[in-house]
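**Q** The file below is structure-v4.pdb, PDB, C-alpha atoms:
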```pdb
ATOM      1  CA  MET A   1      74.424  21.276-107.831
ATOM      2  CA  ASN A   2      72.555  17.939-107.789
ATOM      3  CA  LYS A   3      70.644  16.674-110.800
ATOM      4  CA  ASN A   4      67.178  17.227-109.338
ATOM      5  CA  LYS A   5      67.861  20.884-108.588
ATOM      6  CA  LYS A   6      69.455  21.402-111.998
ATOM      7  CA  SER A   7      66.471  19.791-113.659
ATOM      8  CA  LEU A   8      64.046  22.030-111.719
ATOM      9  CA  LEU A   9      65.898  25.271-112.534
ATOM     10  CA  SER A  10      66.383  24.246-116.151
ATOM     11  CA  SER A  11      62.653  23.525-116.455
ATOM     12  CA  ILE A  12      61.689  26.956-115.067
ATOM     13  CA  GLY A  13      64.082  28.771-117.392
ATOM     14  CA  THR A  14      62.883  26.728-120.351
ATOM     15  CA  ALA A  15      59.220  27.532-119.623
ATOM     16  CA  ILE A  16      59.808  31.291-119.438
ATOM     17  CA  PHE A  17      61.991  31.479-122.562
ATOM     18  CA  THR A  18      59.871  29.187-124.723
ATOM     19  CA  LYS A  19      56.438  30.631-123.965
ATOM     20  CA  THR A  20      57.536  34.263-124.210
ATOM     21  CA  LEU A  21      59.362  33.826-127.515
ATOM     22  CA  THR A  22      56.385  32.102-129.135
ATOM     23  CA  ALA A  23      53.586  34.058-127.381
ATOM     24  CA  PRO A  24      52.324  36.029-130.441
ATOM     25  CA  LEU A  25      52.005  32.863-132.528
ATOM     26  CA  THR A  26      50.290  31.060-129.661
ATOM     27  CA  ARG A  27      47.716  33.803-129.216
ATOM     28  CA  ILE A  28      46.795  33.996-132.902
ATOM     29  CA  LYS A  29      46.494  30.203-133.070
ATOM     30  CA  VAL A  30      44.019  30.191-130.150
ATOM     31  CA  LEU A  31      42.054  33.088-131.677
ATOM     32  CA  GLN A  32      41.785  31.135-134.931
ATOM     33  CA  GLN A  33      40.528  28.088-133.053
ATOM     34  CA  LEU A  34      37.862  30.056-131.189
ATOM     35  CA  GLN A  35      36.646  32.584-133.738
ATOM     36  CA  SER A  36      33.861  30.300-135.012
ATOM     37  CA  PHE A  37      32.446  30.155-131.478
ATOM     38  CA  HIS A  38      32.001  33.935-131.681
ATOM     39  CA  LYS A  39      30.831  33.834-135.311
ATOM     40  CA  THR A  40      33.689  35.925-136.649
ATOM     41  CA  ASN A  41      36.393  35.305-139.247
ATOM     42  CA  LYS A  42      38.751  38.218-138.718
ATOM     43  CA  TYR A  43      41.601  35.938-137.669
ATOM     44  CA  ASN A  44      41.681  33.746-140.765
ATOM     45  CA  HIS A  45      44.945  35.202-142.048
ATOM     46  CA  PHE A  46      48.177  35.668-140.132
ATOM     47  CA  LEU A  47      49.025  39.227-141.233
ATOM     48  CA  LYS A  48      45.445  40.425-140.740
ATOM     49  CA  SER A  49      45.486  38.823-137.308
ATOM     50  CA  LEU A  50      48.619  40.763-136.401
ATOM     51  CA  GLN A  51      46.978  43.973-137.615
ATOM     52  CA  ASN A  52      43.745  43.331-135.703
ATOM     53  CA  ILE A  53      45.567  42.644-132.463
ATOM     54  CA  HIS A  54      47.742  45.744-132.785
ATOM     55  CA  LEU A  55      44.751  47.911-133.705
ATOM     56  CA  ASN A  56      42.633  46.717-130.775
ATOM     57  CA  GLU A  57      45.228  46.174-128.076
ATOM     58  CA  GLY A  58      48.588  47.553-129.181
ATOM     59  CA  PHE A  59      51.914  45.725-129.005
ATOM     60  CA  LYS A  60      51.143  44.236-125.590
ATOM     61  CA  GLY A  61      48.198  42.424-127.194
ATOM     62  CA  TYR A  62      50.625  39.982-128.808
ATOM     63  CA  PHE A  63      51.525  38.753-125.323
ATOM     64  CA  LYS A  64      48.020  38.699-123.849
ATOM     65  CA  GLY A  65      47.599  35.575-121.746
ATOM     66  CA  ASN A  66      51.335  34.879-121.739
ATOM     67  CA  MET A  67      51.698  35.291-117.976
ATOM     68  CA  ALA A  68      48.981  32.687-117.404
ATOM     69  CA  ASN A  69      50.686  30.505-120.001
ATOM     70  CA  ILE A  70      54.015  30.819-118.170
ATOM     71  CA  MET A  71      52.325  30.072-114.836
ATOM     72  CA  LYS A  72      50.897  26.924-116.412
ATOM     73  CA  ALA A  73      54.115  26.049-118.229
ATOM     74  CA  ILE A  74      56.449  26.288-115.207
ATOM     75  CA  PRO A  75      54.799  23.470-113.207
ATOM     76  CA  ASN A  76      54.216  21.614-116.491
ATOM     77  CA  TYR A  77      57.886  21.744-117.406
ATOM     78  CA  CYS A  78      58.985  21.064-113.825
ATOM     79  CA  ILE A  79      56.798  17.959-113.916
ATOM     80  CA  LYS A  80      57.509  16.938-117.508
ATOM     81  CA  PHE A  81      61.225  16.235-117.573
ATOM     82  CA  PRO A  82      61.823  14.876-114.032
ATOM     83  CA  LEU A  83      58.589  12.849-114.051
ATOM     84  CA  ASN A  84      59.319  11.446-117.488
ATOM     85  CA  ASN A  85      62.763  10.355-116.277
ATOM     86  CA  PHE A  86      61.107   8.830-113.192
ATOM     87  CA  TYR A  87      58.705   6.726-115.280
ATOM     88  CA  ILE A  88      61.485   5.646-117.638
ATOM     89  CA  THR A  89      63.570   4.503-114.655
ATOM     90  CA  LYS A  90      60.629   2.589-113.195
ATOM     91  CA  ILE A  91      59.892   0.877-116.530
ATOM     92  CA  LYS A  92      63.563  -0.088-116.895
ATOM     93  CA  LYS A  93      63.614  -1.624-113.415
ATOM     94  CA  TYR A  94      60.273  -3.371-113.910
ATOM     95  CA  LYS A  95      61.401  -4.938-117.183
ATOM     96  CA  ASP A  96      64.973  -5.463-115.986
ATOM     97  CA  GLN A  97      66.502  -3.787-119.019
ATOM     98  CA  ILE A  98      69.281  -1.299-119.714
ATOM     99  CA  ASN A  99      67.874   0.270-122.864
ATOM    100  CA  ILE A 100      64.249   1.221-123.407
ATOM    101  CA  ASN A 101      62.315   0.844-126.668
ATOM    102  CA  TYR A 102      59.977   3.350-128.335
ATOM    103  CA  THR A 103      56.811   1.747-126.926
ATOM    104  CA  ASP A 104      58.097   2.092-123.378
ATOM    105  CA  LEU A 105      59.213   5.669-124.042
ATOM    106  CA  LEU A 106      55.687   6.397-125.297
ATOM    107  CA  LEU A 107      54.145   4.859-122.166
ATOM    108  CA  ALA A 108      56.385   6.969-119.920
ATOM    109  CA  GLY A 109      55.438  10.077-121.900
ATOM    110  CA  VAL A 110      51.693   9.358-121.726
ATOM    111  CA  LEU A 111      51.872   8.850-117.949
ATOM    112  CA  THR A 112      53.783  12.121-117.664
ATOM    113  CA  GLY A 113      51.179  13.909-119.790
ATOM    114  CA  PHE A 114      48.316  12.582-117.675
ATOM    115  CA  ASN A 115      49.909  14.027-114.546
ATOM    116  CA  GLN A 116      50.470  17.367-116.282
ATOM    117  CA  VAL A 117      46.847  17.729-117.374
ATOM    118  CA  ILE A 118      45.414  16.947-113.931
ATOM    119  CA  PHE A 119      47.810  19.265-112.117
ATOM    120  CA  THR A 120      47.629  22.387-114.292
ATOM    121  CA  TYR A 121      44.268  22.249-116.100
ATOM    122  CA  PRO A 122      42.550  25.237-114.395
ATOM    123  CA  LEU A 123      45.406  27.504-115.495
ATOM    124  CA  ASP A 124      45.022  26.208-119.049
ATOM    125  CA  LEU A 125      41.341  27.186-118.988
ATOM    126  CA  ILE A 126      42.083  30.626-117.540
ATOM    127  CA  ARG A 127      44.775  31.219-120.164
ATOM    128  CA  THR A 128      42.307  30.357-122.940
ATOM    129  CA  ARG A 129      39.685  32.751-121.586
ATOM    130  CA  ILE A 130      42.130  35.628-121.089
ATOM    131  CA  THR A 131      43.611  35.147-124.560
ATOM    132  CA  GLN A 132      40.345  36.005-126.319
ATOM    133  CA  ASP A 133      39.743  39.209-128.246
ATOM    134  CA  ASN A 134      38.799  42.063-125.888
ATOM    135  CA  THR A 135      36.183  43.246-128.389
ATOM    136  CA  ILE A 136      34.433  39.892-127.861
ATOM    137  CA  ILE A 137      34.736  39.372-124.105
ATOM    138  CA  ARG A 138      34.297  43.130-123.582
ATOM    139  CA  LYS A 139      36.832  43.408-120.779
ATOM    140  CA  ASN A 140      40.472  42.568-120.208
ATOM    141  CA  LEU A 141      40.602  40.334-117.149
ATOM    142  CA  SER A 142      43.585  39.667-114.925
ATOM    143  CA  ILE A 143      44.361  36.086-113.974
ATOM    144  CA  THR A 144      42.864  36.600-110.503
ATOM    145  CA  GLU A 145      39.734  38.302-111.862
ATOM    146  CA  CYS A 146      39.186  35.541-114.386
ATOM    147  CA  PHE A 147      39.459  32.885-111.684
ATOM    148  CA  GLN A 148      37.022  34.760-109.445
ATOM    149  CA  LYS A 149      34.445  35.453-112.168
ATOM    150  CA  THR A 150      34.593  31.920-113.522
ATOM    151  CA  ILE A 151      33.927  30.377-110.110
ATOM    152  CA  GLN A 152      31.368  33.029-109.142
ATOM    153  CA  ASN A 153      29.318  32.786-112.343
ATOM    154  CA  GLU A 154      29.745  29.112-113.300
ATOM    155  CA  GLY A 155      30.861  27.280-110.170
ATOM    156  CA  PHE A 156      34.168  25.728-109.132
ATOM    157  CA  LEU A 157      33.856  22.732-111.465
ATOM    158  CA  SER A 158      33.754  25.109-114.440
ATOM    159  CA  LEU A 159      37.541  25.361-114.047
ATOM    160  CA  TYR A 160      37.605  21.841-115.496
ATOM    161  CA  LYS A 161      35.431  22.419-118.565
ATOM    162  CA  GLY A 162      36.919  20.503-121.475
ATOM    163  CA  LEU A 163      38.897  18.188-119.190
ATOM    164  CA  THR A 164      37.626  15.005-120.855
ATOM    165  CA  PRO A 165      38.951  15.709-124.383
ATOM    166  CA  ALA A 166      42.143  17.004-122.749
ATOM    167  CA  LEU A 167      42.630  13.725-120.880
ATOM    168  CA  LEU A 168      41.905  11.730-124.030
ATOM    169  CA  THR A 169      44.367  13.578-126.248
ATOM    170  CA  THR A 170      46.930  15.670-124.313
ATOM    171  CA  PRO A 171      48.725  12.743-122.603
ATOM    172  CA  ILE A 172      49.070  11.048-126.006
ATOM    173  CA  TYR A 173      50.343  14.330-127.497
ATOM    174  CA  ILE A 174      52.941  14.676-124.752
ATOM    175  CA  GLY A 175      53.786  10.982-124.960
ATOM    176  CA  ILE A 176      54.428  11.147-128.704
ATOM    177  CA  GLN A 177      56.420  14.362-128.310
ATOM    178  CA  LEU A 178      58.701  13.071-125.546
ATOM    179  CA  SER A 179      59.166   9.544-126.883
ATOM    180  CA  THR A 180      59.851  10.676-130.455
ATOM    181  CA  TYR A 181      62.364  13.259-129.244
ATOM    182  CA  GLN A 182      64.176  10.722-127.057
ATOM    183  CA  PHE A 183      64.069   8.070-129.789
ATOM    184  CA  LEU A 184      65.521  10.430-132.410
ATOM    185  CA  ARG A 185      68.203  11.699-130.039
ATOM    186  CA  LYS A 186      69.570   8.158-129.780
ATOM    187  CA  LYS A 187      70.108   7.940-133.539
ATOM    188  CA  ASP A 188      73.603   8.523-134.851
ATOM    189  CA  THR A 189      72.345  10.682-137.721
ATOM    190  CA  ILE A 190      71.493  14.318-138.432
ATOM    191  CA  VAL A 191      68.068  13.882-136.751
ATOM    192  CA  SER A 192      69.789  13.271-133.404
ATOM    193  CA  ASN A 193      70.502  16.996-133.203
ATOM    194  CA  SER A 194      68.291  18.403-130.415
ATOM    195  CA  LEU A 195      66.965  21.189-132.658
ATOM    196  CA  ILE A 196      65.906  18.792-135.443
ATOM    197  CA  ALA A 197      64.652  16.074-133.095
ATOM    198  CA  GLY A 198      62.629  18.631-131.122
ATOM    199  CA  SER A 199      61.103  20.126-134.260
ATOM    200  CA  LEU A 200      60.107  16.766-135.740
ATOM    201  CA  SER A 201      58.653  15.469-132.482
ATOM    202  CA  GLY A 202      56.605  18.637-132.021
ATOM    203  CA  LEU A 203      55.274  18.611-135.569
ATOM    204  CA  LEU A 204      54.256  14.949-135.406
ATOM    205  CA  SER A 205      52.570  15.100-131.997
ATOM    206  CA  GLN A 206      50.549  18.266-132.583
ATOM    207  CA  SER A 207      49.390  17.170-136.043
ATOM    208  CA  LEU A 208      47.964  13.902-134.703
ATOM    209  CA  MET A 209      46.242  15.336-131.626
ATOM    210  CA  TYR A 210      45.156  18.793-132.840
ATOM    211  CA  PRO A 211      41.367  18.173-133.087
ATOM    212  CA  GLY A 212      41.250  17.340-129.372
ATOM    213  CA  ASP A 213      42.849  20.681-128.578
ATOM    214  CA  THR A 214      40.242  22.562-130.630
ATOM    215  CA  ILE A 215      37.343  20.745-128.936
ATOM    216  CA  LYS A 216      38.874  21.423-125.525
ATOM    217  CA  ARG A 217      39.205  25.161-126.201
ATOM    218  CA  HIS A 218      35.603  25.494-127.376
ATOM    219  CA  LEU A 219      34.400  23.814-124.192
ATOM    220  CA  GLN A 220      36.695  25.947-122.035
ATOM    221  CA  ILE A 221      34.993  29.196-123.075
ATOM    222  CA  ASP A 222      31.470  27.765-123.298
ATOM    223  CA  GLY A 223      29.272  29.544-120.752
ATOM    224  CA  MET A 224      31.581  32.531-120.374
ATOM    225  CA  ASN A 225      29.576  35.786-120.256
ATOM    226  CA  LYS A 226      26.437  33.599-120.233
ATOM    227  CA  SER A 227      27.198  32.514-123.814
ATOM    228  CA  LYS A 228      26.270  28.824-123.536
ATOM    229  CA  LYS A 229      26.336  26.871-126.813
ATOM    230  CA  TYR A 230      27.025  23.226-126.028
ATOM    231  CA  THR A 231      25.171  20.718-123.873
ATOM    232  CA  ASN A 232      28.049  18.196-123.847
ATOM    233  CA  ILE A 233      31.161  17.058-125.734
ATOM    234  CA  LYS A 234      29.148  15.221-128.377
ATOM    235  CA  HIS A 235      27.092  18.351-129.095
ATOM    236  CA  CYS A 236      30.318  20.400-129.351
ATOM    237  CA  ILE A 237      31.807  17.991-131.910
ATOM    238  CA  GLN A 238      28.569  17.871-133.893
ATOM    239  CA  SER A 239      28.265  21.661-133.902
ATOM    240  CA  ILE A 240      31.825  22.251-135.114
ATOM    241  CA  TYR A 241      31.405  19.621-137.841
ATOM    242  CA  GLN A 242      27.969  20.886-138.888
ATOM    243  CA  HIS A 243      29.072  24.478-139.355
ATOM    244  CA  GLN A 244      32.638  23.980-140.638
ATOM    245  CA  GLY A 245      33.150  20.348-141.578
ATOM    246  CA  LEU A 246      36.347  18.490-140.724
ATOM    247  CA  LYS A 247      38.454  21.590-141.335
ATOM    248  CA  GLY A 248      36.792  23.186-138.312
ATOM    249  CA  PHE A 249      38.761  20.867-136.030
ATOM    250  CA  TYR A 250      42.010  22.005-137.648
ATOM    251  CA  LYS A 251      41.575  25.780-137.456
ATOM    252  CA  GLY A 252      44.965  27.293-136.688
ATOM    253  CA  ILE A 253      46.905  24.099-137.386
ATOM    254  CA  PHE A 254      49.059  25.673-140.099
ATOM    255  CA  LEU A 255      50.150  28.431-137.739
ATOM    256  CA  ASN A 256      50.539  25.902-134.944
ATOM    257  CA  SER A 257      52.740  23.780-137.206
ATOM    258  CA  ILE A 258      54.938  26.795-137.855
ATOM    259  CA  LYS A 259      54.918  27.624-134.142
ATOM    260  CA  SER A 260      55.550  24.083-132.950
ATOM    261  CA  ILE A 261      58.840  23.766-134.807
ATOM    262  CA  PRO A 262      60.640  26.629-133.048
ATOM    263  CA  GLU A 263      58.682  26.098-129.818
ATOM    264  CA  VAL A 264      59.596  22.470-129.258
ATOM    265  CA  ALA A 265      63.070  22.973-130.678
ATOM    266  CA  ILE A 266      63.643  25.932-128.324
ATOM    267  CA  LYS A 267      62.174  23.970-125.409
ATOM    268  CA  PHE A 268      64.396  20.915-125.714
ATOM    269  CA  THR A 269      67.489  22.866-126.785
ATOM    270  CA  ILE A 270      67.281  25.398-123.937
ATOM    271  CA  TYR A 271      66.593  22.635-121.417
ATOM    272  CA  ASP A 272      69.632  20.685-122.590
ATOM    273  CA  LEU A 273      71.785  23.832-122.531
ATOM    274  CA  LEU A 274      70.671  24.923-119.068
ATOM    275  CA  PHE A 275      70.927  21.429-117.615
ATOM    276  CA  ASN A 276      74.474  20.979-118.934
ATOM    277  CA  LEU A 277      75.792  24.360-117.782
TER     278      LEU A 277
END
```
Could you render the structure as structure tokens?

**A**
Amino acid sequence: MNKNKKSLLSSIGTAIFTKTLTAPLTRIKVLQQLQSFHKTNKYNHFLKSLQNIHLNEGFKGYFKGNMANIMKAIPNYCIKFPLNNFYITKIKKYKDQININYTDLLLAGVLTGFNQVIFTYPLDLIRTRITQDNTIIRKNLSITECFQKTIQNEGFLSLYKGLTPALLTTPIYIGIQLSTYQFLRKKDTIVSNSLIAGSLSGLLSQSLMYPGDTIKRHLQIDGMNKSKKYTNIKHCIQSIYQHQGLKGFYKGIFLNSIKSIPEVAIKFTIYDLLFNL
């Protein structure tokens, strides 16, 4: 099997495994980010969040939105690793060098992240909307229904709500994640282990770029069910800060930090395992 095909199949397998294994943590993190939009605080604590989800939606509630997340993750992962390798190769040729430094790795990662955001953003928005509490949105929507209702009620461009903060932060997040992982893997120390390198790169990247993710998610659900709160990005930032202070931009970050360690570690480890089979 050639490398391109192996990379594609490894990326698909990695997306399915990673997102499914971390789905409950992902859902609670998003609910924590969005609860202030709905003026509720029932997802402040992890155990209470688990109880609320099970009470309202049963065991399957822990995986609500996971199919949309997988559908987004598969093209993301299929783009991420091959495209990142493509940019690294191009930078090497352009600079006529054998090895590549951290700055160049970061550039390749940012370019990869930019492509990811543009290509899969509507699915990211749909996933966010589906993930919400069914007692808030009043109806469980399928992926197709959510697409249809979003376009019907808010227009086609509503699929790109929150795109600006995503473009400003997500490529940098992905760039830091990929470049840090690759940089650490080259070290002849304990941090070169794929599990440790993946965990550290995930923790660093999400901690630095987390506020952008919160702003993006608020904008993604703004206008859903005619619940319009923000006039623009600036108003969204001001509103979050006014009602919650700086901590409002970091809602769910503790859980996301816990989630990001196994998630990124699983992602890079499974990809390496599948690719080297």

**Q** Which of these residues is nearest to A:Ser227, using only C-alpha atoms: A:Glu154, A:Glu263, A:Asp272, A:Glu57?

**A**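 Residue with the minimum atom-to-atom distance to A:Ser227: A:Glu154.
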
**Q** Determine the residue membership of the PyMOL selection byres ((chain A and resi 129) around 9) for the file above and supply it as a PyMOL selection string.

**A** chain A and resi 65+124-128+130-132+137+141+146+217+220-221+224

**Q** For A:Lys72, which residue among A:Asn56, A:Thr120, A:Gln206, A:Ser11 is the nearest when counting only C-alpha atoms?

**A**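 Selected residue with least distance to A:Lys72: A:Thr120.
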
**Q** Excluding same-chain residues fewer than 3 positions from stretch 41-49 of chain A, what lies within 9 Å of it counting only C-alpha atoms, as a short mmCIF file (atom, residue, chain, number, x, y, z; two decimals) with C-alpha atoms, in the frame of the given file?

**A**
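Output below, filename out-v9.cif:
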```
data_model
loop_
_atom_site.label_atom_id
_atom_site.label_comp_id
_atom_site.auth_asym_id
_atom_site.auth_seq_id
_atom_site.Cartn_x
_atom_site.Cartn_y
_atom_site.Cartn_z
CA LEU A 25 52.00 32.86 -132.53
CA ILE A 28 46.80 34.00 -132.90
CA LYS A 29 46.49 30.20 -133.07
CA LEU A 31 42.05 33.09 -131.68
CA GLN A 32 41.78 31.14 -134.93
CA GLN A 35 36.65 32.58 -133.74
CA SER A 36 33.86 30.30 -135.01
CA HIS A 38 32.00 33.94 -131.68
CA ASN A 52 43.74 43.33 -135.70
CA ILE A 53 45.57 42.64 -132.46
CA HIS A 54 47.74 45.74 -132.78
CA LYS A 251 41.58 25.78 -137.46
CA GLY A 252 44.96 27.29 -136.69
CA LEU A 255 50.15 28.43 -137.74
#
```

**Q** Quick one: residues within 12 Å of (64.8, 10.5, -127.3) (file frame), counting all atoms listed in the file, please, as a PyMOL selection string.

**A** chain A and resi 81+84-85+88+99-106+108-109+175-188+191-194+196-198+200-201+268

**Q** Go ahead and write the residues just picked, C-alpha atoms, as a PDB file, in the frame of the given file.

**A**
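Listed below is the output, out27.pdb:
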```pdb
ATOM      1  CA  PHE A  81      61.225  16.235-117.573  1.00  0.00           C
ATOM      2  CA  ASN A  84      59.319  11.446-117.488  1.00  0.00           C
ATOM      3  CA  ASN A  85      62.763  10.355-116.277  1.00  0.00           C
ATOM      4  CA  ILE A  88      61.485   5.646-117.638  1.00  0.00           C
ATOM      5  CA  ASN A  99      67.874   0.270-122.864  1.00  0.00           C
ATOM      6  CA  ILE A 100      64.249   1.221-123.407  1.00  0.00           C
ATOM      7  CA  ASN A 101      62.315   0.844-126.668  1.00  0.00           C
ATOM      8  CA  TYR A 102      59.977   3.350-128.335  1.00  0.00           C
ATOM      9  CA  THR A 103      56.811   1.747-126.926  1.00  0.00           C
ATOM     10  CA  ASP A 104      58.097   2.092-123.378  1.00  0.00           C
ATOM     11  CA  LEU A 105      59.213   5.669-124.042  1.00  0.00           C
ATOM     12  CA  LEU A 106      55.687   6.397-125.297  1.00  0.00           C
ATOM     13  CA  ALA A 108      56.385   6.969-119.920  1.00  0.00           C
ATOM     14  CA  GLY A 109      55.438  10.077-121.900  1.00  0.00           C
ATOM     15  CA  GLY A 175      53.786  10.982-124.960  1.00  0.00           C
ATOM     16  CA  ILE A 176      54.428  11.147-128.704  1.00  0.00           C
ATOM     17  CA  GLN A 177      56.420  14.362-128.310  1.00  0.00           C
ATOM     18  CA  LEU A 178      58.701  13.071-125.546  1.00  0.00           C
ATOM     19  CA  SER A 179      59.166   9.544-126.883  1.00  0.00           C
ATOM     20  CA  THR A 180      59.851  10.676-130.455  1.00  0.00           C
ATOM     21  CA  TYR A 181      62.364  13.259-129.244  1.00  0.00           C
ATOM     22  CA  GLN A 182      64.176  10.722-127.057  1.00  0.00           C
ATOM     23  CA  PHE A 183      64.069   8.070-129.789  1.00  0.00           C
ATOM     24  CA  LEU A 184      65.521  10.430-132.410  1.00  0.00           C
ATOM     25  CA  ARG A 185      68.203  11.699-130.039  1.00  0.00           C
ATOM     26  CA  LYS A 186      69.570   8.158-129.780  1.00  0.00           C
ATOM     27  CA  LYS A 187      70.108   7.940-133.539  1.00  0.00           C
ATOM     28  CA  ASP A 188      73.603   8.523-134.851  1.00  0.00           C
ATOM     29  CA  VAL A 191      68.068  13.882-136.751  1.00  0.00           C
ATOM     30  CA  SER A 192      69.789  13.271-133.404  1.00  0.00           C
ATOM     31  CA  ASN A 193      70.502  16.996-133.203  1.00  0.00           C
ATOM     32  CA  SER A 194      68.291  18.403-130.415  1.00  0.00           C
ATOM     33  CA  ILE A 196      65.906  18.792-135.443  1.00  0.00           C
ATOM     34  CA  ALA A 197      64.652  16.074-133.095  1.00  0.00           C
ATOM     35  CA  GLY A 198      62.629  18.631-131.122  1.00  0.00           C
ATOM     36  CA  LEU A 200      60.107  16.766-135.740  1.00  0.00           C
ATOM     37  CA  SER A 201      58.653  15.469-132.482  1.00  0.00           C
ATOM     38  CA  PHE A 268      64.396  20.915-125.714  1.00  0.00           C
TER      39      PHE A 268
END
```

**Q** Go through A:Leu83, A:Leu111, A:Ile253, A:Leu219 and flag the residue nearest A:Ile237, using only C-alpha atoms for the distances.

**A**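 For A:Ile237, the nearest of the candidates is A:Leu219.
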
**Q** For stretch 172-187 of chain A, which lacks atoms in the input, supply N, CA, C and O atoms and format the output as a PDB file, keeping the file's coordinate frame.

**A**
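Contents of out_7.pdb, as written:
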```pdb
ATOM      1  N   ILE A 172      48.526  11.701-124.805  1.00  0.00           N
ATOM      2  CA  ILE A 172      49.070  11.048-126.006  1.00  0.00           C
ATOM      3  C   ILE A 172      49.965  12.018-126.767  1.00  0.00           C
ATOM      4  O   ILE A 172      51.034  11.644-127.264  1.00  0.00           O
ATOM      5  N   TYR A 173      49.536  13.291-126.853  1.00  0.00           N
ATOM      6  CA  TYR A 173      50.343  14.330-127.497  1.00  0.00           C
ATOM      7  C   TYR A 173      51.713  14.446-126.821  1.00  0.00           C
ATOM      8  O   TYR A 173      52.761  14.439-127.485  1.00  0.00           O
ATOM      9  N   ILE A 174      51.689  14.540-125.499  1.00  0.00           N
ATOM     10  CA  ILE A 174      52.941  14.676-124.752  1.00  0.00           C
ATOM     11  C   ILE A 174      53.770  13.401-124.862  1.00  0.00           C
ATOM     12  O   ILE A 174      54.998  13.448-124.994  1.00  0.00           O
ATOM     13  N   GLY A 175      53.084  12.260-124.833  1.00  0.00           N
ATOM     14  CA  GLY A 175      53.786  10.982-124.960  1.00  0.00           C
ATOM     15  C   GLY A 175      54.499  10.851-126.288  1.00  0.00           C
ATOM     16  O   GLY A 175      55.665  10.443-126.346  1.00  0.00           O
ATOM     17  N   ILE A 176      53.812  11.208-127.370  1.00  0.00           N
ATOM     18  CA  ILE A 176      54.428  11.147-128.704  1.00  0.00           C
ATOM     19  C   ILE A 176      55.586  12.130-128.800  1.00  0.00           C
ATOM     20  O   ILE A 176      56.650  11.815-129.342  1.00  0.00           O
ATOM     21  N   GLN A 177      55.379  13.331-128.251  1.00  0.00           N
ATOM     22  CA  GLN A 177      56.420  14.362-128.310  1.00  0.00           C
ATOM     23  C   GLN A 177      57.688  13.914-127.587  1.00  0.00           C
ATOM     24  O   GLN A 177      58.792  13.978-128.138  1.00  0.00           O
ATOM     25  N   LEU A 178      57.537  13.466-126.344  1.00  0.00           N
ATOM     26  CA  LEU A 178      58.701  13.071-125.546  1.00  0.00           C
ATOM     27  C   LEU A 178      59.382  11.820-126.094  1.00  0.00           C
ATOM     28  O   LEU A 178      60.606  11.774-126.215  1.00  0.00           O
ATOM     29  N   SER A 179      58.580  10.812-126.428  1.00  0.00           N
ATOM     30  CA  SER A 179      59.166   9.544-126.883  1.00  0.00           C
ATOM     31  C   SER A 179      59.850   9.694-128.238  1.00  0.00           C
ATOM     32  O   SER A 179      60.931   9.123-128.460  1.00  0.00           O
ATOM     33  N   THR A 180      59.242  10.463-129.138  1.00  0.00           N
ATOM     34  CA  THR A 180      59.851  10.676-130.455  1.00  0.00           C
ATOM     35  C   THR A 180      61.154  11.452-130.326  1.00  0.00           C
ATOM     36  O   THR A 180      62.157  11.125-130.985  1.00  0.00           O
ATOM     37  N   TYR A 181      61.142  12.471-129.467  1.00  0.00           N
ATOM     38  CA  TYR A 181      62.364  13.259-129.244  1.00  0.00           C
ATOM     39  C   TYR A 181      63.488  12.361-128.707  1.00  0.00           C
ATOM     40  O   TYR A 181      64.611  12.374-129.213  1.00  0.00           O
ATOM     41  N   GLN A 182      63.161  11.576-127.673  1.00  0.00           N
ATOM     42  CA  GLN A 182      64.176  10.722-127.057  1.00  0.00           C
ATOM     43  C   GLN A 182      64.653   9.630-128.019  1.00  0.00           C
ATOM     44  O   GLN A 182      65.835   9.285-128.044  1.00  0.00           O
ATOM     45  N   PHE A 183      63.736   9.111-128.805  1.00  0.00           N
ATOM     46  CA  PHE A 183      64.069   8.070-129.789  1.00  0.00           C
ATOM     47  C   PHE A 183      65.013   8.624-130.858  1.00  0.00           C
ATOM     48  O   PHE A 183      66.012   7.983-131.218  1.00  0.00           O
ATOM     49  N   LEU A 184      64.693   9.820-131.367  1.00  0.00           N
ATOM     50  CA  LEU A 184      65.521  10.430-132.410  1.00  0.00           C
ATOM     51  C   LEU A 184      66.888  10.847-131.881  1.00  0.00           C
ATOM     52  O   LEU A 184      67.888  10.776-132.607  1.00  0.00           O
ATOM     53  N   ARG A 185      66.934  11.262-130.625  1.00  0.00           N
ATOM     54  CA  ARG A 185      68.203  11.699-130.039  1.00  0.00           C
ATOM     55  C   ARG A 185      69.203  10.542-129.927  1.00  0.00           C
ATOM     56  O   ARG A 185      70.412  10.773-129.874  1.00  0.00           O
ATOM     57  N   LYS A 186      68.695   9.323-129.888  1.00  0.00           N
ATOM     58  CA  LYS A 186      69.570   8.158-129.780  1.00  0.00           C
ATOM     59  C   LYS A 186      70.188   7.768-131.119  1.00  0.00           C
ATOM     60  O   LYS A 186      71.134   6.987-131.164  1.00  0.00           O
ATOM     61  N   LYS A 187      69.620   8.287-132.204  1.00  0.00           N
ATOM     62  CA  LYS A 187      70.108   7.940-133.539  1.00  0.00           C
ATOM     63  C   LYS A 187      71.427   8.643-133.837  1.00  0.00           C
ATOM     64  O   LYS A 187      71.618   9.807-133.493  1.00  0.00           O
TER      65      LYS A 187
END
```
